[in-house]
>>> print(open('my_file_33.cif').read())   # mmCIF, C-alpha atoms
data_final
#
loop_
_atom_site.group_PDB
_atom_site.id
_atom_site.type_symbol
_atom_site.label_atom_id
_atom_site.label_comp_id
_atom_site.auth_asym_id
_atom_site.auth_seq_id
_atom_site.Cartn_x
_atom_site.Cartn_y
_atom_site.Cartn_z
ATOM 1 C CA MET D 1486 77.456 92.022 103.423
ATOM 2 C CA ILE D 1487 80.736 93.419 102.183
ATOM 3 C CA ARG D 1488 82.355 92.851 105.558
ATOM 4 C CA SER D 1489 81.066 89.287 105.830
ATOM 5 C CA LYS D 1490 82.520 88.427 102.425
ATOM 6 C CA ALA D 1491 85.851 89.917 103.452
ATOM 7 C CA LEU D 1492 85.779 87.992 106.708
ATOM 8 C CA LEU D 1493 85.014 84.708 104.989
ATOM 9 C CA ALA D 1494 87.816 85.291 102.531
ATOM 10 C CA ALA D 1495 90.228 86.072 105.352
ATOM 11 C CA LEU D 1496 89.190 83.215 107.641
ATOM 12 C CA SER D 1497 89.677 80.763 104.819
ATOM 13 C CA LEU D 1498 93.389 81.464 105.283
ATOM 14 C CA SER D 1499 93.409 80.173 108.858
ATOM 15 C CA ALA D 1500 94.284 76.717 107.605
ATOM 16 C CA ALA D 1501 97.857 75.984 106.528
ATOM 17 C CA ALA D 1502 98.718 78.870 104.216
ATOM 18 C CA ALA D 1503 99.618 78.349 100.586
ATOM 19 C CA VAL D 1504 103.163 79.169 99.604
ATOM 20 C CA LEU D 1505 103.530 81.316 96.506
ATOM 21 C CA ILE D 1506 106.686 80.538 94.574
ATOM 22 C CA GLY D 1507 108.048 83.692 93.012
ATOM 23 C CA ALA D 1508 105.035 85.504 94.512
ATOM 24 C CA ALA D 1509 102.820 83.986 91.821
ATOM 25 C CA LYS D 1510 100.328 81.103 92.227
ATOM 26 C CA PRO D 1511 99.886 78.480 94.972
ATOM 27 C CA ALA D 1512 102.490 75.739 94.743
ATOM 28 C CA PRO D 1513 103.893 72.922 96.900
ATOM 29 C CA GLN D 1514 105.768 73.871 100.047
ATOM 30 C CA PRO D 1515 109.468 74.489 99.264
ATOM 31 C CA THR D 1516 112.205 72.870 101.317
ATOM 32 C CA ALA D 1517 112.199 75.767 103.793
ATOM 33 C CA PHE D 1518 110.280 78.979 104.231
ATOM 34 C CA ASN D 1519 111.883 81.465 106.609
ATOM 35 C CA PRO D 1520 109.851 84.687 106.941
ATOM 36 C CA ALA D 1521 111.906 87.865 106.574
ATOM 37 C CA LEU D 1522 109.666 90.720 105.372
ATOM 38 C CA ALA D 1523 106.159 91.630 104.257
ATOM 39 C CA TYR D 1524 104.580 93.531 101.369
ATOM 40 C CA ARG D 1525 101.331 94.489 99.676
ATOM 41 C CA TYR D 1526 100.396 92.572 96.551
ATOM 42 C CA ALA D 1527 98.000 93.669 93.784
ATOM 43 C CA ALA D 1528 96.496 96.292 96.128
ATOM 44 C CA GLN D 1529 94.420 93.654 97.935
ATOM 45 C CA GLU D 1530 96.752 91.121 99.541
ATOM 46 C CA VAL D 1531 99.233 91.024 102.404
ATOM 47 C CA ARG D 1532 102.099 88.631 101.824
ATOM 48 C CA LEU D 1533 105.016 87.380 103.898
ATOM 49 C CA ALA D 1534 108.244 86.620 102.025
ATOM 50 C CA ASN D 1535 111.561 84.976 102.634
ATOM 51 C CA ALA D 1536 114.744 87.001 102.364
ATOM 52 C CA ASP D 1537 115.508 86.575 98.670
ATOM 53 C CA GLY D 1538 111.941 86.784 97.355
ATOM 54 C CA SER D 1539 111.884 83.247 95.938
ATOM 55 C CA ALA D 1540 108.767 82.317 97.941
ATOM 56 C CA ALA D 1541 105.928 84.087 99.715
ATOM 57 C CA VAL D 1542 102.931 83.179 101.850
ATOM 58 C CA LEU D 1543 99.512 84.772 101.542
ATOM 59 C CA LEU D 1544 98.481 86.273 104.899
ATOM 60 C CA ALA D 1545 95.292 88.100 103.880
ATOM 61 C CA ARG D 1546 93.272 88.782 100.745
ATOM 62 C CA LEU D 1547 90.414 91.276 100.917
ATOM 63 C CA PRO D 1548 87.993 92.224 98.129
ATOM 64 C CA ILE D 1549 88.165 95.720 96.667
ATOM 65 C CA VAL D 1550 84.824 97.388 97.404
ATOM 66 C CA GLN D 1551 82.887 99.547 94.991
ATOM 67 C CA GLY D 1552 84.262 103.073 94.825
ATOM 68 C CA ALA D 1553 87.755 102.084 96.014
ATOM 69 C CA THR D 1554 90.918 101.272 94.072
ATOM 70 C CA ALA D 1555 92.484 99.069 96.745
ATOM 71 C CA SER D 1556 91.533 97.020 99.778
ATOM 72 C CA VAL D 1557 95.002 97.057 101.385
ATOM 73 C CA ARG D 1558 96.842 100.375 101.744
ATOM 74 C CA HIS D 1559 99.907 100.094 103.983
ATOM 75 C CA VAL D 1560 101.794 97.240 105.660
ATOM 76 C CA ALA D 1561 104.059 97.057 108.738
ATOM 77 C CA ILE D 1562 105.729 93.959 110.163
ATOM 78 C CA ALA D 1563 106.591 93.408 113.825
ATOM 79 C CA PRO D 1564 109.871 91.799 114.961
ATOM 80 C CA LEU D 1565 109.774 88.289 113.556
ATOM 81 C CA SER D 1566 109.522 86.538 116.928
ATOM 82 C CA LEU D 1567 106.051 88.080 117.333
ATOM 83 C CA ARG D 1568 104.815 86.625 114.006
ATOM 84 C CA GLN D 1569 102.561 89.561 113.253
ATOM 85 C CA VAL D 1570 101.799 92.010 110.459
ATOM 86 C CA ALA D 1571 99.595 95.106 110.719
ATOM 87 C CA PHE D 1572 97.949 96.714 107.720
ATOM 88 C CA VAL D 1573 95.342 99.287 106.719
ATOM 89 C CA ASP D 1574 92.305 98.008 104.854
ATOM 90 C CA ILE D 1575 89.372 99.750 103.172
ATOM 91 C CA PRO D 1576 86.152 98.018 104.285
ATOM 92 C CA SER D 1577 84.014 100.645 102.533
ATOM 93 C CA ALA D 1578 84.582 103.641 100.277
ATOM 94 C CA GLY D 1579 84.118 105.933 103.299
ATOM 95 C CA SER D 1580 86.238 104.257 105.957
ATOM 96 C CA GLN D 1581 89.623 102.691 106.691
ATOM 97 C CA SER D 1582 90.597 100.188 109.379
ATOM 98 C CA LEU D 1583 93.713 99.049 111.200
ATOM 99 C CA ARG D 1584 93.977 95.240 111.062
ATOM 100 C CA ILE D 1585 96.385 92.613 112.404
ATOM 101 C CA VAL D 1586 97.197 89.201 110.968
ATOM 102 C CA THR D 1587 99.304 86.610 112.800
ATOM 103 C CA TRP D 1588 100.936 83.346 111.870
ATOM 104 C CA THR D 1589 102.440 80.303 113.537
ATOM 105 C CA GLN D 1590 105.089 77.947 112.205
ATOM 106 C CA ALA D 1591 105.172 74.653 114.069
ATOM 107 C CA THR D 1592 108.392 73.512 112.405
ATOM 108 C CA PRO D 1593 111.257 75.860 111.467
ATOM 109 C CA GLY D 1594 111.153 76.254 107.700
ATOM 110 C CA GLY D 1595 107.812 74.470 107.558
ATOM 111 C CA PRO D 1596 104.280 75.543 106.598
ATOM 112 C CA LEU D 1597 102.457 78.419 108.291
ATOM 113 C CA THR D 1598 99.053 78.667 109.871
ATOM 114 C CA VAL D 1599 97.534 82.119 109.437
ATOM 115 C CA LEU D 1600 94.828 83.963 111.387
ATOM 116 C CA LEU D 1601 93.348 87.354 110.565
ATOM 117 C CA ASP D 1602 91.852 89.070 113.592
ATOM 118 C CA PRO D 1603 88.219 89.671 112.559
ATOM 119 C CA THR D 1604 87.876 92.835 114.653
ATOM 120 C CA PRO D 1605 89.781 95.954 113.530
ATOM 121 C CA LEU D 1606 91.993 97.601 116.115
ATOM 122 C CA PHE D 1607 90.753 101.017 114.940
ATOM 123 C CA THR D 1608 88.443 102.391 112.242
ATOM 124 C CA ILE D 1609 88.117 105.919 110.909
ATOM 125 C CA SER D 1610 84.980 106.898 108.998
ATOM 126 C CA GLY D 1611 83.580 110.076 107.546
ATOM 127 C CA GLY D 1612 83.497 109.972 103.776
ATOM 128 C CA LEU D 1613 86.126 109.669 101.077
ATOM 129 C CA GLY D 1614 88.576 111.797 103.064
ATOM 130 C CA ALA D 1615 88.872 109.280 105.923
ATOM 131 C CA ASN D 1616 92.527 108.303 105.839
ATOM 132 C CA ILE D 1617 94.952 106.212 107.887
ATOM 133 C CA SER D 1618 97.972 107.383 105.960
ATOM 134 C CA SER D 1619 100.762 105.480 107.751
ATOM 135 C CA LEU D 1620 101.561 102.971 110.507
ATOM 136 C CA ASP D 1621 104.647 101.600 112.246
ATOM 137 C CA TYR D 1622 105.540 99.178 115.031
ATOM 138 C CA SER D 1623 107.735 100.129 117.961
ATOM 139 C CA PRO D 1624 111.161 98.423 117.870
ATOM 140 C CA ASP D 1625 110.019 95.755 120.338
ATOM 141 C CA GLY D 1626 106.699 95.265 118.543
ATOM 142 C CA THR D 1627 104.525 95.885 121.586
ATOM 143 C CA LEU D 1628 103.149 99.206 120.324
ATOM 144 C CA LEU D 1629 101.712 100.348 117.017
ATOM 145 C CA ALA D 1630 101.544 103.991 115.912
ATOM 146 C CA ILE D 1631 99.301 105.380 113.182
ATOM 147 C CA VAL D 1632 98.698 108.813 111.686
ATOM 148 C CA SER D 1633 95.237 109.679 110.393
ATOM 149 C CA HIS D 1634 93.114 112.594 109.205
ATOM 150 C CA LEU D 1635 89.686 113.469 107.828
ATOM 151 C CA ASP D 1636 89.755 115.536 104.629
ATOM 152 C CA GLY D 1637 93.097 116.976 105.698
ATOM 153 C CA GLN D 1638 91.707 117.984 109.108
ATOM 154 C CA ASN D 1639 91.956 116.361 112.550
ATOM 155 C CA ASN D 1640 95.489 115.229 111.795
ATOM 156 C CA GLU D 1641 96.296 112.872 114.680
ATOM 157 C CA VAL D 1642 98.751 110.281 115.936
ATOM 158 C CA ARG D 1643 97.414 107.342 117.929
ATOM 159 C CA VAL D 1644 99.451 104.671 119.697
ATOM 160 C CA PHE D 1645 98.021 101.226 120.499
ATOM 161 C CA HIS D 1646 99.163 98.507 122.858
ATOM 162 C CA VAL D 1647 98.866 95.527 120.533
ATOM 163 C CA ALA D 1648 98.450 92.649 123.010
ATOM 164 C CA SER D 1649 95.665 94.321 124.974
ATOM 165 C CA ARG D 1650 94.174 95.975 121.862
ATOM 166 C CA THR D 1651 93.883 99.294 123.678
ATOM 167 C CA GLN D 1652 94.802 102.828 122.708
ATOM 168 C CA ILE D 1653 97.397 104.427 124.969
ATOM 169 C CA GLY D 1654 96.163 107.832 126.099
ATOM 170 C CA ASP D 1655 94.362 110.252 123.823
ATOM 171 C CA ALA D 1656 95.069 110.918 120.192
ATOM 172 C CA VAL D 1657 97.727 113.605 119.739
ATOM 173 C CA GLN D 1658 96.571 116.509 117.577
ATOM 174 C CA LEU D 1659 99.412 117.556 115.289
ATOM 175 C CA ALA D 1660 100.258 121.208 114.798
ATOM 176 C CA GLU D 1661 102.521 120.325 111.860
ATOM 177 C CA PHE D 1662 100.612 118.258 109.289
ATOM 178 C CA ALA D 1663 102.010 114.726 108.872
ATOM 179 C CA GLN D 1664 101.291 111.875 106.489
ATOM 180 C CA VAL D 1665 104.014 109.352 107.368
ATOM 181 C CA VAL D 1666 105.103 108.061 110.781
ATOM 182 C CA ARG D 1667 108.198 106.012 111.667
ATOM 183 C CA TRP D 1668 109.470 104.899 115.059
ATOM 184 C CA ARG D 1669 113.029 105.940 115.972
ATOM 185 C CA ALA D 1670 114.607 103.251 118.098
ATOM 186 C CA PHE D 1671 117.580 105.310 119.261
ATOM 187 C CA ASP D 1672 115.487 107.762 121.316
ATOM 188 C CA ASN D 1673 112.040 106.095 121.246
ATOM 189 C CA SER D 1674 110.463 109.029 119.433
ATOM 190 C CA LEU D 1675 108.251 109.173 116.362
ATOM 191 C CA LEU D 1676 109.572 110.812 113.209
ATOM 192 C CA LEU D 1677 106.855 112.408 111.070
ATOM 193 C CA ARG D 1678 106.898 113.696 107.506
ATOM 194 C CA GLY D 1679 104.206 115.906 105.995
ATOM 195 C CA SER D 1680 103.482 118.854 103.763
ATOM 196 C CA THR D 1681 105.290 121.362 105.992
ATOM 197 C CA GLY D 1682 108.330 119.367 107.006
ATOM 198 C CA VAL D 1683 109.861 116.625 109.104
ATOM 199 C CA SER D 1684 109.047 116.709 112.803
ATOM 200 C CA SER D 1685 109.644 114.687 115.931
ATOM 201 C CA LEU D 1686 106.948 113.573 118.367
ATOM 202 C CA LYS D 1687 108.013 112.586 121.877
ATOM 203 C CA ASP D 1688 106.071 112.630 125.142
ATOM 204 C CA GLY D 1689 103.147 114.184 123.295
ATOM 205 C CA VAL D 1690 105.170 117.169 122.049
ATOM 206 C CA GLN D 1691 105.700 117.739 118.316
ATOM 207 C CA THR D 1692 108.866 119.599 117.268
ATOM 208 C CA LEU D 1693 109.512 120.708 113.690
ATOM 209 C CA LEU D 1694 113.052 119.628 112.734
ATOM 210 C CA PHE D 1695 113.366 121.033 109.210
ATOM 211 C CA ALA D 1696 111.325 122.175 106.224
ATOM 212 C CA ASP D 1697 110.408 119.515 103.676
ATOM 213 C CA PRO D 1698 107.175 119.801 101.650
ATOM 214 C CA GLN D 1699 107.256 116.357 100.046
ATOM 215 C CA GLY D 1700 105.372 114.217 102.564
ATOM 216 C CA LEU D 1701 106.521 111.039 100.800
ATOM 217 C CA PRO D 1702 107.454 107.669 102.366
ATOM 218 C CA PHE D 1703 110.681 107.335 104.338
ATOM 219 C CA TYR D 1704 112.206 104.824 106.728
ATOM 220 C CA THR D 1705 114.221 105.134 109.925
ATOM 221 C CA PHE D 1706 117.285 103.099 110.801
ATOM 222 C CA ASN D 1707 117.243 100.819 113.839
ATOM 223 C CA GLY D 1708 119.029 100.408 117.148
ATOM 224 C CA LEU D 1709 121.286 103.298 118.159
ATOM 225 C CA SER D 1710 121.404 104.853 114.692
ATOM 226 C CA PRO D 1711 119.465 108.132 114.248
ATOM 227 C CA GLU D 1712 119.660 107.914 110.426
ATOM 228 C CA ALA D 1713 116.795 107.726 107.933
ATOM 229 C CA VAL D 1714 116.274 107.304 104.184
ATOM 230 C CA PHE D 1715 113.761 109.500 102.362
ATOM 231 C CA ARG D 1716 112.051 109.274 99.009
ATOM 232 C CA PHE D 1717 112.111 112.478 96.946
ATOM 233 C CA HIS D 1718 110.396 113.371 93.684
ATOM 234 C CA ASP D 1719 111.231 116.270 91.369
ATOM 235 C CA ALA D 1720 111.537 117.026 87.654
ATOM 236 C CA ARG D 1721 114.541 114.702 87.448
ATOM 237 C CA GLY D 1722 112.628 111.712 88.827
ATOM 238 C CA ASN D 1723 112.557 109.754 92.091
ATOM 239 C CA THR D 1724 115.546 109.410 94.381
ATOM 240 C CA ILE D 1725 116.278 107.941 97.790
ATOM 241 C CA GLN D 1726 118.322 110.248 100.014
ATOM 242 C CA ARG D 1727 120.050 109.440 103.314
ATOM 243 C CA TRP D 1728 120.031 111.753 106.340
ATOM 244 C CA ASP D 1729 122.389 111.246 109.259
ATOM 245 C CA GLY D 1730 119.547 112.043 111.627
ATOM 246 C CA GLU D 1731 121.255 115.050 113.174
ATOM 247 C CA THR D 1732 122.676 117.564 110.675
ATOM 248 C CA VAL D 1733 120.375 120.466 109.740
ATOM 249 C CA ASN D 1734 121.790 123.550 107.975
ATOM 250 C CA GLY D 1735 119.699 126.695 107.590
ATOM 251 C CA GLY D 1736 116.486 124.829 108.288
ATOM 252 C CA GLN D 1737 117.316 122.087 105.746
ATOM 253 C CA ALA D 1738 118.543 118.568 106.371
ATOM 254 C CA ALA D 1739 121.883 117.505 104.897
ATOM 255 C CA TYR D 1740 121.070 114.646 102.509
ATOM 256 C CA THR D 1741 123.300 112.218 100.618
ATOM 257 C CA LYS D 1742 121.879 110.418 97.595
ATOM 258 C CA VAL D 1743 121.715 106.627 97.907
ATOM 259 C CA THR D 1744 120.145 105.672 94.560
ATOM 260 C CA ASP D 1745 117.201 106.265 92.226
ATOM 261 C CA GLY D 1746 113.960 104.671 93.372
ATOM 262 C CA ILE D 1747 111.023 104.781 95.781
ATOM 263 C CA ASP D 1748 109.641 103.232 98.978
ATOM 264 C CA PRO D 1749 112.807 102.298 100.925
ATOM 265 C CA SER D 1750 112.858 100.031 103.979
ATOM 266 C CA VAL D 1751 115.973 99.278 106.039
ATOM 267 C CA SER D 1752 116.720 95.855 107.511
ATOM 268 C CA CYS D 1753 116.705 95.526 111.284
ATOM 269 C CA ASP D 1754 120.528 95.364 111.429
ATOM 270 C CA ASN D 1755 120.834 98.466 109.168
ATOM 271 C CA ALA D 1756 122.890 96.495 106.650
ATOM 272 C CA ARG D 1757 120.448 96.360 103.721
ATOM 273 C CA MET D 1758 117.716 98.424 102.102
ATOM 274 C CA ILE D 1759 114.873 97.012 100.029
ATOM 275 C CA TYR D 1760 113.308 99.459 97.594
ATOM 276 C CA THR D 1761 111.557 99.778 94.235
ATOM 277 C CA ARG D 1762 113.714 100.713 91.254
ATOM 278 C CA LEU D 1763 111.623 102.207 88.427
ATOM 279 C CA SER D 1764 114.119 102.343 85.541
ATOM 280 C CA PRO D 1765 114.871 100.760 83.125
ATOM 281 C CA LYS D 1766 112.061 98.517 84.380
ATOM 282 C CA THR D 1767 110.264 98.146 87.690
ATOM 283 C CA THR D 1768 112.305 95.917 90.006
ATOM 284 C CA ILE D 1769 112.272 95.304 93.733
ATOM 285 C CA ALA D 1770 115.939 95.349 94.719
ATOM 286 C CA ILE D 1771 117.930 94.743 97.889
ATOM 287 C CA ARG D 1772 120.938 97.009 98.306
ATOM 288 C CA THR D 1773 123.846 96.445 100.678
ATOM 289 C CA LEU D 1774 124.275 99.919 102.126
ATOM 290 C CA ALA D 1775 127.987 99.667 102.916
ATOM 291 C CA THR D 1776 129.038 98.645 99.397
ATOM 292 C CA GLY D 1777 126.159 99.574 97.077
ATOM 293 C CA ALA D 1778 125.984 95.993 95.790
ATOM 294 C CA GLU D 1779 122.461 94.940 94.781
ATOM 295 C CA GLN D 1780 120.473 91.786 94.166
ATOM 296 C CA GLN D 1781 117.032 91.415 92.652
ATOM 297 C CA PHE D 1782 114.227 90.534 95.020
ATOM 298 C CA SER D 1783 111.478 90.430 92.370
ATOM 299 C CA ASN D 1784 110.427 91.991 89.083
ATOM 300 C CA ASP D 1785 106.732 91.467 89.850
ATOM 301 C CA ARG D 1786 105.094 94.881 89.402
ATOM 302 C CA SER D 1787 102.190 93.901 91.671
ATOM 303 C CA ILE D 1788 104.471 94.117 94.733
ATOM 304 C CA SER D 1789 104.419 97.401 96.645
ATOM 305 C CA PHE D 1790 105.622 98.721 100.012
ATOM 306 C CA PRO D 1791 108.043 95.900 100.886
ATOM 307 C CA ALA D 1792 108.918 96.277 104.569
ATOM 308 C CA TYR D 1793 111.479 94.818 106.929
ATOM 309 C CA PRO D 1794 110.657 94.525 110.657
ATOM 310 C CA ASN D 1795 111.956 97.311 112.887
ATOM 311 C CA GLY D 1796 113.684 95.189 115.499
ATOM 312 C CA CYS D 1797 115.757 92.041 115.055
ATOM 313 C CA GLY D 1798 114.050 90.213 117.931
#
>>> encode(input="my_file_33.cif", output="structure tokens")
Amino acid sequence: MIRSKALLAALSLSAAAAVLIGAAKPAPQPTAFNPALAYRYAAQEVRLANADGSAAVLLARLPIVQGATASVRHVAIAPLSLRQVAFVDIPSAGSQSLRIVTWTQATPGGPLTVLLDPTPLFTISGGLGANISSLDYSPDGTLLAIVSHLDGQNNEVRVFHVASRTQIGDAVQLAEFAQVVRWRAFDNSLLLRGSTGVSSLKDGVQTLLFADPQGLPFYTFNGLSPEAVFRFHDARGNTIQRWDGETVNGGQAAYTKVTDGIDPSVSCDNARMIYTRLSPKTTIAIRTLATGAEQQFSNDRSISFPAYPNGCG
């Protein structure tokens, strides 16, 4: 019954989607809507936004089931030409699923038609510890990687071919525990972050790169750049630190502070970073990395995990 309600709610979006001005309530279609990034809203919606945050489209809204605090956990957006967003939902208090929602736009800048695939690509079950803790598209959007575990055990990476809806090979059991996965375009590897450190996964082999007990969200740069930005938390607060992707001294990465904040995501051309600034008030900001100049994307505190697509295609 819970699933049928969720499905009905989702399928109701398959008609022309409502545009949300300022990410608030349904309103008339603006002059042009050009999708640029995606985010989670109010812990139960997936939204698609234009570049400056002045308008958004609702892609999926799922009810929060009894015993859960959210129905949508994480969001990843494919290169924009594929018109696709993947996300993790919570269909029951003891399971999590990998879902995909797609859209079409018949006229550039015009209204969208949205379709949520009713069948999850993958589901993990086994009690309250069932966890799909992260997901990311490959740079070309054809593949989707996830990391999952059950009560901290069976920590695995799975890779799916999106078009055929099939898993590629077996799940890879991780020797170094990981909670976050990001695709590295420059060498087509997966970068993982967990409670023991940051590691690389390529051709089924996991290699620990450096110690790092935080296990918090981070984001890789695109194209030929090996860089990444990491969120850190300590007694002084939350910061976003930049790593050149190569330098490790004495088992520790060489970081450079970018700014205070959380949940960074880098634009496909590596020019901008969207992130959440917590002080003096919660604001989603877009920062030009070369100059440090910033603009406000939104001050809506219901927005979380804003994400740019990996590739520019």
>>> resolve_selection(input="my_file_33.cif", expression="the PyMOL selection byres ((chain D and resi 1718) around 12)", output="tab-separated table (two decimals) with C-alpha atoms, keeping the file's coordinate frame")
chain	number	residue	atom	x	y	z
D	1697	ASP	CA	110.41	119.52	103.68
D	1698	PRO	CA	107.18	119.80	101.65
D	1699	GLN	CA	107.26	116.36	100.05
D	1700	GLY	CA	105.37	114.22	102.56
D	1701	LEU	CA	106.52	111.04	100.80
D	1702	PRO	CA	107.45	107.67	102.37
D	1715	PHE	CA	113.76	109.50	102.36
D	1716	ARG	CA	112.05	109.27	99.01
D	1717	PHE	CA	112.11	112.48	96.95
D	1719	ASP	CA	111.23	116.27	91.37
D	1720	ALA	CA	111.54	117.03	87.65
D	1721	ARG	CA	114.54	114.70	87.45
D	1722	GLY	CA	112.63	111.71	88.83
D	1723	ASN	CA	112.56	109.75	92.09
D	1724	THR	CA	115.55	109.41	94.38
D	1725	ILE	CA	116.28	107.94	97.79
D	1726	GLN	CA	118.32	110.25	100.01
D	1745	ASP	CA	117.20	106.26	92.23
D	1746	GLY	CA	113.96	104.67	93.37
D	1747	ILE	CA	111.02	104.78	95.78
D	1748	ASP	CA	109.64	103.23	98.98
>>> residues_around(input="my_file_33.cif", residues="D:Leu1628", least_positions_apart="6", cutoff="6 Å", atoms="all atoms listed in the file", output="MDAnalysis selection string")
chainID D and resid 1622 1645:1647
>>> axis_aligned_box(input="my_file_33.cif", around="stretch 1570-1587 of chain D", padding_each_side="3 Å", output="lines of an AutoDock Vina configuration file")
center_x = 92.9
center_y = 96.3
center_z = 106.5
size_x = 23.8
size_y = 25.3
size_z = 18.5
>>> atom_distance(input="my_file_33.cif", atom1="atom CA of D:Lys1766", atom2="atom CA of D:Gln1780")
14.6 Å
>>> resolve_selection(input="my_file_33.cif", expression="the PyMOL selection byres ((chain D and resi 1545) around 6)", output="list in words")
Ala1495, Glu1530, Val1531, Leu1543, Leu1544 and Arg1546 of chain D
>>> closest_residue(input="my_file_33.cif", among="D:Asn1755, D:Thr1767, D:Pro1749, D:Phe1695", to="D:Val1733", atoms="all atoms listed in the file")
D:Phe1695
>>> resolve_selection(input="my_file_33.cif", expression="the PyMOL selection byres ((chain D and resi 1740) around 9)", output="ChimeraX atom specification")
/D:1714-1715,1726-1729,1732,1737-1739,1741-1742
>>> atom_distance(input="my_file_33.cif", atom1="atom CA of D:Ser1789", atom2="atom CA of D:Ala1561")
12.1 Å
>>> residues_around(input="my_file_33.cif", residues="D:Trp1588", least_positions_apart="5", cutoff="12 Å", atoms="only C-alpha atoms", output="VMD selection string")
chain D and resid 1498 to 1502 1520 1532 to 1533 1542 to 1545 1562 to 1563 1565 to 1571 1596 to 1602
>>> closest_residue(input="my_file_33.cif", among="D:Gly1689, D:Pro1603, D:Gly1594, D:Gly1579", to="D:Val1644", atoms="all atoms listed in the file")
D:Gly1689
